[in-house]
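Beneath this line is the structure, given in structure tokens, with notes to follow.
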2 protein chains.
Amino acid sequence: MARSAVTVEEPVRRRLLAEATRLFAERGFESTSVQEIVAAAGVTKGAMYHYFGSKDDLLHEIYGRVLRLQMERLTRFADAEGPVGERLYATAMDVVVTTVENLDDSKIFFRSMHQLAPETYKTVRAERRRYHERFRDLVIEGQRAGVFREDIPAEMVVDFFFGSVHHLGTWYSPDGPLSGQEVGRHFADLLLSSLGHPLGKTVS
Amino acid sequence: MARSAVTVEEPVRRRLLAEATRLFAERGFESTSVQEIVAAAGVTKGAMYHYFGSKDDLLHEIYGRVLRLQMERLTRFADAEGPVGERLYATAMDVVVTTVENLDDSKIFFRSMHQLAPETYKTVRAERRRYHERFRDLVIEGQRAGVFREDIPAEMVVDFFFGSVHHLGTWYSPDGPLSGQEVGRHFADLLLSSLGHPLGKTVS
DNA sequence: TACGATCGACCGACCAGTCGGTACGCTGTG
DNA sequence: CACAGCGTACCGACTGGTCGGTCGATCGTA
């Protein structure tokens with residue numbers, strides 16, 4: 001009995017993070033008050049400021065979680081074995097799938113990033129940049145190998161693709177007809193074929 | 001003298017709209033106070049609430065301006081003469097160029113749209129939807145004509161492309177090395193070649 | 001085993017400040 | 001005189017954040 005009370009109940013800190021994520025994604029960072037967050041988590045402001053330094057800190061924690069997850073998955077797929085075309089295909093698809101699986105995080109990320117304190121903002125941007133660079137290196141590798149077209153800067157291809165991924169939060173719905181896998185496959189097809197790679201399987 | 005005072009000086013209403021646009025793009029809608037807007041425009045709150053019903057109304061006016069402009073340009077390019085491939089290429093390029101030319105509007109649009117009052121929000125979404133549909137019809141036309149690949153839903157191609165366009169506000173800078181025309185050409189290339197059309201000029 | 005000391009977790013009342021919005025007055029022009 | 005075009009003064013609601021205090025668990029000691 002005592003054991004179940006301790007282990008089963010979700011800890012307050014985790015609940016605060018979860019509710020904050022939901023509310024930020026729903027109404028935006030600035031439109032969500034600390035009062036609403038603590039009410040949704042079933043605690044008071046005292047509890048929140050016990051676990052987090054500020055409202056900004058809460059947002060920062062959410063970002064940290066997203067960045068760590070994405071970076072870990074990216075490196076795993078990018079550093080795998082096999083031809084660069086297949087690796088980029090798998091990576092692109094995984095990015096879409098994980099984005100769709102954590103759609104709230106994604107919405108918050110691109111909608112409220114600029115609300116962070118300047119210093120925190122720079123840190124997040126820097127981490128995001130490293131992420132993009134790892135992805136870009138894959139594109140460059142394919143260009144050097146002669147399997148991707150070289151007349152468009154890799155940097156721009158990356159911005160082009162991640163724009164689409166980021167936009168997912170605007171239109172994709174888990175209740176819709178498409179699964180994350182399906183969208184991922186289509187997106188990866190579009191990316192590869194825009195790079196002139198046969199894996200994009202254009203019929204032509 | 002009296003004439004110049006009337007005709008040369010930029011009218012208050014226009015100044016309010018311009019400053020609001022700048023500030024919303026810079027700090028976001030919720031983080032910009034009415035006080036800051038009127039101060040930047042060199043007037044007081046009385047003036048602002050004389051011309052606009054509310055802060056939301058101000059945002060709505062900005063949206064109306066953007067939507068009218070984009071819709072007008074889209075129809076002009078989409079309804080032109082010539083093969084569908086060339087028309088889509090020109091349309092896509094124009095979308096990028098106008099987005100880059102009004103980058104502040106674009107930033108506001110995708111970052112603060114959800115802050116609108118529910119009813120206004122629906123109106124804006126509906127207009128945006130009509131815009132997407134017109135673009136999608138171009139893709140479908142090309143698919144029926146057999147010049148675009150048909151194994152990816154046109155709807156998704158549109159979301160894919162406009163995601164990239166929307167994302168421009170995040171990374172593009174007018175002070176950077178690339179002109180709007182150049183970005184537009186690259187984006188149009190990527191779009192057309194992802195559709196398997198020769199205008200995407202993949203070297204292969 | 002008993003019991004005071006100490007700890008983290010959390011509550012709830014409260015603060016100074018800011019927000020969007022309003023009421024009303026003045027002023028120049030037709 | 002009438003009325004558009006503003007400025008001034010102010011309101012009530014709400015904000016993020018603080019602070020003193022409570023309560024149960026744990027630990028050192030006898």
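Letters for chains follow the order of the structure tokens (A, B, ...), residue numbers begin at 1 for each chain, and ligand numbers begin at 1 in the order shown.
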
*What do you get for the Cα RMSD if chain A is superposed onto chain B using all Cα atoms in their order?*
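Root-mean-square deviation of the C-alpha atoms: 0.2 Å.
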
_Shell of 8 Å around Glu30 of chain B, only C-alpha atoms (C1' of nucleotides), local chain residues under 3 positions omitted, as an NGL selection string_ = (:A and (30-31)) or (:B and (33 or 115))

What are the nearest atom pairs, with distances in Å to one decimal, for all residues of chain C that come at most 9 Å from chain B, using only C-alpha atoms (C1' of nucleotides), set out by chain and rising residue number as JSON lines?
{"residue": "C:DC19", "atom": "C1'", "partner": "B:Ser33", "partner_atom": "CA", "distance": 7.5}
{"residue": "C:DG20", "atom": "C1'", "partner": "B:Val34", "partner_atom": "CA", "distance": 7.6}
{"residue": "C:DG21", "atom": "C1'", "partner": "B:Ser54", "partner_atom": "CA", "distance": 8.2}

*Within 7 Å of segment 70-80 of chain A, counting only C-alpha atoms (C1' of nucleotides), which residues show up once you throw out same-chain ones fewer than 5 positions away? Write them as number ranges by chain, please.*
A: 87, 90-91, 131

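For chain D, the residues close to chain B, meaning within 12 Å and counting only C-alpha atoms (C1' of nucleotides), are DA4, DG5, DC6, DG7, DT8 and DA9 of chain D.
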
Could those selected residues go to a file with C-alpha atoms (C1' of nucleotides), as a short mmCIF file (atom, residue, chain, number, x, y, z; two decimals), in the first residue's frame?
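Result file is selection.cif:
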data_model
loop_
_atom_site.label_atom_id
_atom_site.label_comp_id
_atom_site.auth_asym_id
_atom_site.auth_seq_id
_atom_site.Cartn_x
_atom_site.Cartn_y
_atom_site.Cartn_z
"C1'" DA D 4 -13.52 63.93 -36.45
"C1'" DG D 5 -9.20 63.50 -34.28
"C1'" DC D 6 -6.81 63.01 -30.85
"C1'" DG D 7 -4.67 63.61 -25.46
"C1'" DT D 8 -5.18 62.75 -20.35
"C1'" DA D 9 -6.45 60.40 -16.54
#

Enumerate, in order of chain and increasing residue number, the residues of chain B with an atom no farther than 9 Å from chain A, each with its shortest atom pair and distance in Å to one decimal, counting only C-alpha atoms, as CSV.
residue,atom,partner,partner_atom,distance
B:Glu26,CA,A:His114,CA,8.8
B:Arg27,CA,A:His114,CA,7.3
B:Gly28,CA,A:Gln115,CA,7.9
B:Glu30,CA,A:Glu30,CA,6.0
B:Ser31,CA,A:Glu30,CA,7.1
B:Phe110,CA,A:Arg111,CA,8.0
B:Arg111,CA,A:Arg111,CA,5.4
B:Ser112,CA,A:Arg111,CA,7.9
B:His114,CA,A:Arg27,CA,7.2
B:Gln115,CA,A:Arg27,CA,7.4
B:Val147,CA,A:Ser204,CA,8.4
B:Phe148,CA,A:Ser204,CA,8.4
B:Arg149,CA,A:Thr202,CA,6.6
B:Glu150,CA,A:Val203,CA,8.7
B:Asp151,CA,A:Thr202,CA,8.5
B:Ile152,CA,A:His186,CA,6.6
B:Pro153,CA,A:His186,CA,8.8
B:Met156,CA,A:His186,CA,8.2
B:Val157,CA,A:Leu190,CA,8.1
B:Asp159,CA,A:Ser164,CA,7.1
B:Phe160,CA,A:Ser164,CA,4.9
B:Phe161,CA,A:Ser164,CA,6.6
B:Phe162,CA,A:Ser164,CA,7.2
B:Gly163,CA,A:Ser164,CA,4.0
B:Ser164,CA,A:Gly163,CA,4.0
B:Val165,CA,A:Gly163,CA,7.2
B:His166,CA,A:Gly163,CA,7.0
B:His167,CA,A:Gly163,CA,4.7
B:Leu168,CA,A:Gly163,CA,7.7
B:Thr170,CA,A:Phe110,CA,8.9
B:Trp171,CA,A:Asp159,CA,7.8
B:Val183,CA,A:Met156,CA,8.3
B:His186,CA,A:Ile152,CA,6.6
B:Phe187,CA,A:Phe160,CA,7.5
B:Asp189,CA,A:Ser194,CA,8.0
B:Leu190,CA,A:Ser194,CA,5.1
B:Leu191,CA,A:Ser194,CA,6.8
B:Leu192,CA,A:Ser194,CA,7.7
B:Ser193,CA,A:Ser194,CA,4.9
B:Ser194,CA,A:Ser194,CA,4.0
B:Leu195,CA,A:Leu190,CA,7.5
B:Gly196,CA,A:Thr202,CA,5.8
B:His197,CA,A:Ser204,CA,8.3
B:Gly200,CA,A:Ser194,CA,8.0
B:Thr202,CA,A:Gly196,CA,5.9
B:Val203,CA,A:Arg149,CA,6.7
B:Ser204,CA,A:Gly196,CA,6.4

*Which residue out of A:His60, A:Gly42, A:Gly180, A:Ile37 has the minimum interatomic distance to Leu116 of chain A when only C-alpha atoms are used?*
A:His60

*From a DSSP calculation on the backbone, collect every residue of segment 5-172 of chain A in helix (DSSP H, G or I) and output the set as JSON, numbers by chain.*
{"A": [5, 6, 7, 12, 13, 14, 15, 16, 17, 18, 19, 20, 21, 22, 23, 24, 25, 26, 27, 34, 35, 36, 37, 38, 39, 40, 41, 45, 46, 47, 48, 49, 50, 51, 55, 56, 57, 58, 59, 60, 61, 62, 63, 64, 65, 66, 67, 68, 69, 70, 71, 72, 73, 74, 75, 76, 77, 78, 84, 85, 86, 87, 88, 89, 90, 91, 92, 93, 94, 95, 96, 97, 98, 99, 100, 101, 103, 104, 105, 106, 107, 108, 109, 110, 111, 112, 113, 114, 115, 118, 119, 120, 121, 122, 123, 124, 125, 126, 127, 128, 129, 130, 131, 132, 133, 134, 135, 136, 137, 138, 139, 140, 141, 142, 143, 144, 154, 155, 156, 157, 158, 159, 160, 161, 162, 163, 164, 165, 166, 167, 168, 169, 170, 171]}

*Can you tell me how far atom CA of Val84 of chain B sits from atom CA of Val139 of chain B, in Å to one decimal?*
8.3 Å

_Long-range neighbours of DG17 of chain C as a ChimeraX atom specification, 12 Å cut-off, only C-alpha atoms (C1' of nucleotides), 6 positions minimum in chain_ = /D:14-17

Residues from last step as file, all heavy atoms, as a compact mmCIF listing (two decimals), in the first residue's frame:
# COMPACT_ATOMS: atom_id res chain seq x y z
P DC D 14 -9.55 38.46 -14.22
OP1 DC D 14 -10.20 37.64 -15.26
OP2 DC D 14 -9.89 38.28 -12.79
O5' DC D 14 -7.98 38.31 -14.39
C5' DC D 14 -7.35 38.89 -15.53
C4' DC D 14 -5.88 39.04 -15.26
O4' DC D 14 -5.64 40.15 -14.38
C3' DC D 14 -5.21 37.83 -14.57
O3' DC D 14 -4.30 37.25 -15.48
C2' DC D 14 -4.53 38.43 -13.35
C1' DC D 14 -4.42 39.89 -13.72
N1 DC D 14 -4.31 40.80 -12.55
C2 DC D 14 -3.24 41.70 -12.48
O2 DC D 14 -2.42 41.72 -13.40
N3 DC D 14 -3.12 42.52 -11.41
C4 DC D 14 -4.03 42.46 -10.43
N4 DC D 14 -3.88 43.29 -9.40
C5 DC D 14 -5.13 41.55 -10.48
C6 DC D 14 -5.23 40.74 -11.56
P DT D 15 -3.60 35.86 -15.22
OP1 DT D 15 -3.99 34.99 -16.34
OP2 DT D 15 -3.81 35.41 -13.82
O5' DT D 15 -2.07 36.22 -15.38
C5' DT D 15 -1.68 37.33 -16.21
C4' DT D 15 -0.33 37.82 -15.77
O4' DT D 15 -0.51 38.87 -14.81
C3' DT D 15 0.52 36.78 -15.06
O3' DT D 15 1.31 36.11 -16.03
C2' DT D 15 1.37 37.62 -14.11
C1' DT D 15 0.59 38.91 -13.93
N1 DT D 15 0.04 39.12 -12.55
C2 DT D 15 0.69 39.97 -11.70
O2 DT D 15 1.73 40.53 -12.00
N3 DT D 15 0.09 40.12 -10.47
C4 DT D 15 -1.08 39.52 -10.03
O4 DT D 15 -1.52 39.73 -8.91
C5 DT D 15 -1.70 38.63 -10.98
C7 DT D 15 -2.96 37.93 -10.61
C6 DT D 15 -1.13 38.48 -12.18
P DG D 16 2.03 34.72 -15.64
OP1 DG D 16 2.40 34.06 -16.92
OP2 DG D 16 1.18 34.02 -14.67
O5' DG D 16 3.35 35.20 -14.91
C5' DG D 16 4.31 35.93 -15.65
C4' DG D 16 5.38 36.44 -14.71
O4' DG D 16 4.75 37.15 -13.62
C3' DG D 16 6.23 35.35 -14.05
O3' DG D 16 7.57 35.82 -13.96
C2' DG D 16 5.58 35.17 -12.68
C1' DG D 16 5.08 36.57 -12.37
N9 DG D 16 3.87 36.60 -11.55
C8 DG D 16 2.73 35.88 -11.76
N7 DG D 16 1.80 36.12 -10.88
C5 DG D 16 2.36 37.05 -10.03
C6 DG D 16 1.82 37.68 -8.88
O6 DG D 16 0.71 37.54 -8.38
N1 DG D 16 2.72 38.57 -8.30
C2 DG D 16 3.99 38.82 -8.79
N2 DG D 16 4.72 39.70 -8.09
N3 DG D 16 4.51 38.24 -9.86
C4 DG D 16 3.64 37.36 -10.43
P DG D 17 8.73 34.82 -13.34
OP1 DG D 17 10.03 35.25 -13.89
OP2 DG D 17 8.31 33.43 -13.50
O5' DG D 17 8.72 35.22 -11.80
C5' DG D 17 9.00 36.57 -11.45
C4' DG D 17 8.79 36.76 -9.97
O4' DG D 17 7.39 36.66 -9.65
C3' DG D 17 9.50 35.72 -9.07
O3' DG D 17 10.39 36.41 -8.22
C2' DG D 17 8.36 35.06 -8.31
C1' DG D 17 7.27 36.12 -8.37
N9 DG D 17 5.92 35.59 -8.20
C8 DG D 17 5.29 34.65 -8.98
N7 DG D 17 4.07 34.37 -8.59
C5 DG D 17 3.90 35.17 -7.46
C6 DG D 17 2.78 35.30 -6.60
O6 DG D 17 1.70 34.72 -6.66
N1 DG D 17 3.02 36.22 -5.58
C2 DG D 17 4.20 36.92 -5.41
N2 DG D 17 4.25 37.76 -4.38
N3 DG D 17 5.24 36.81 -6.22
C4 DG D 17 5.03 35.92 -7.21
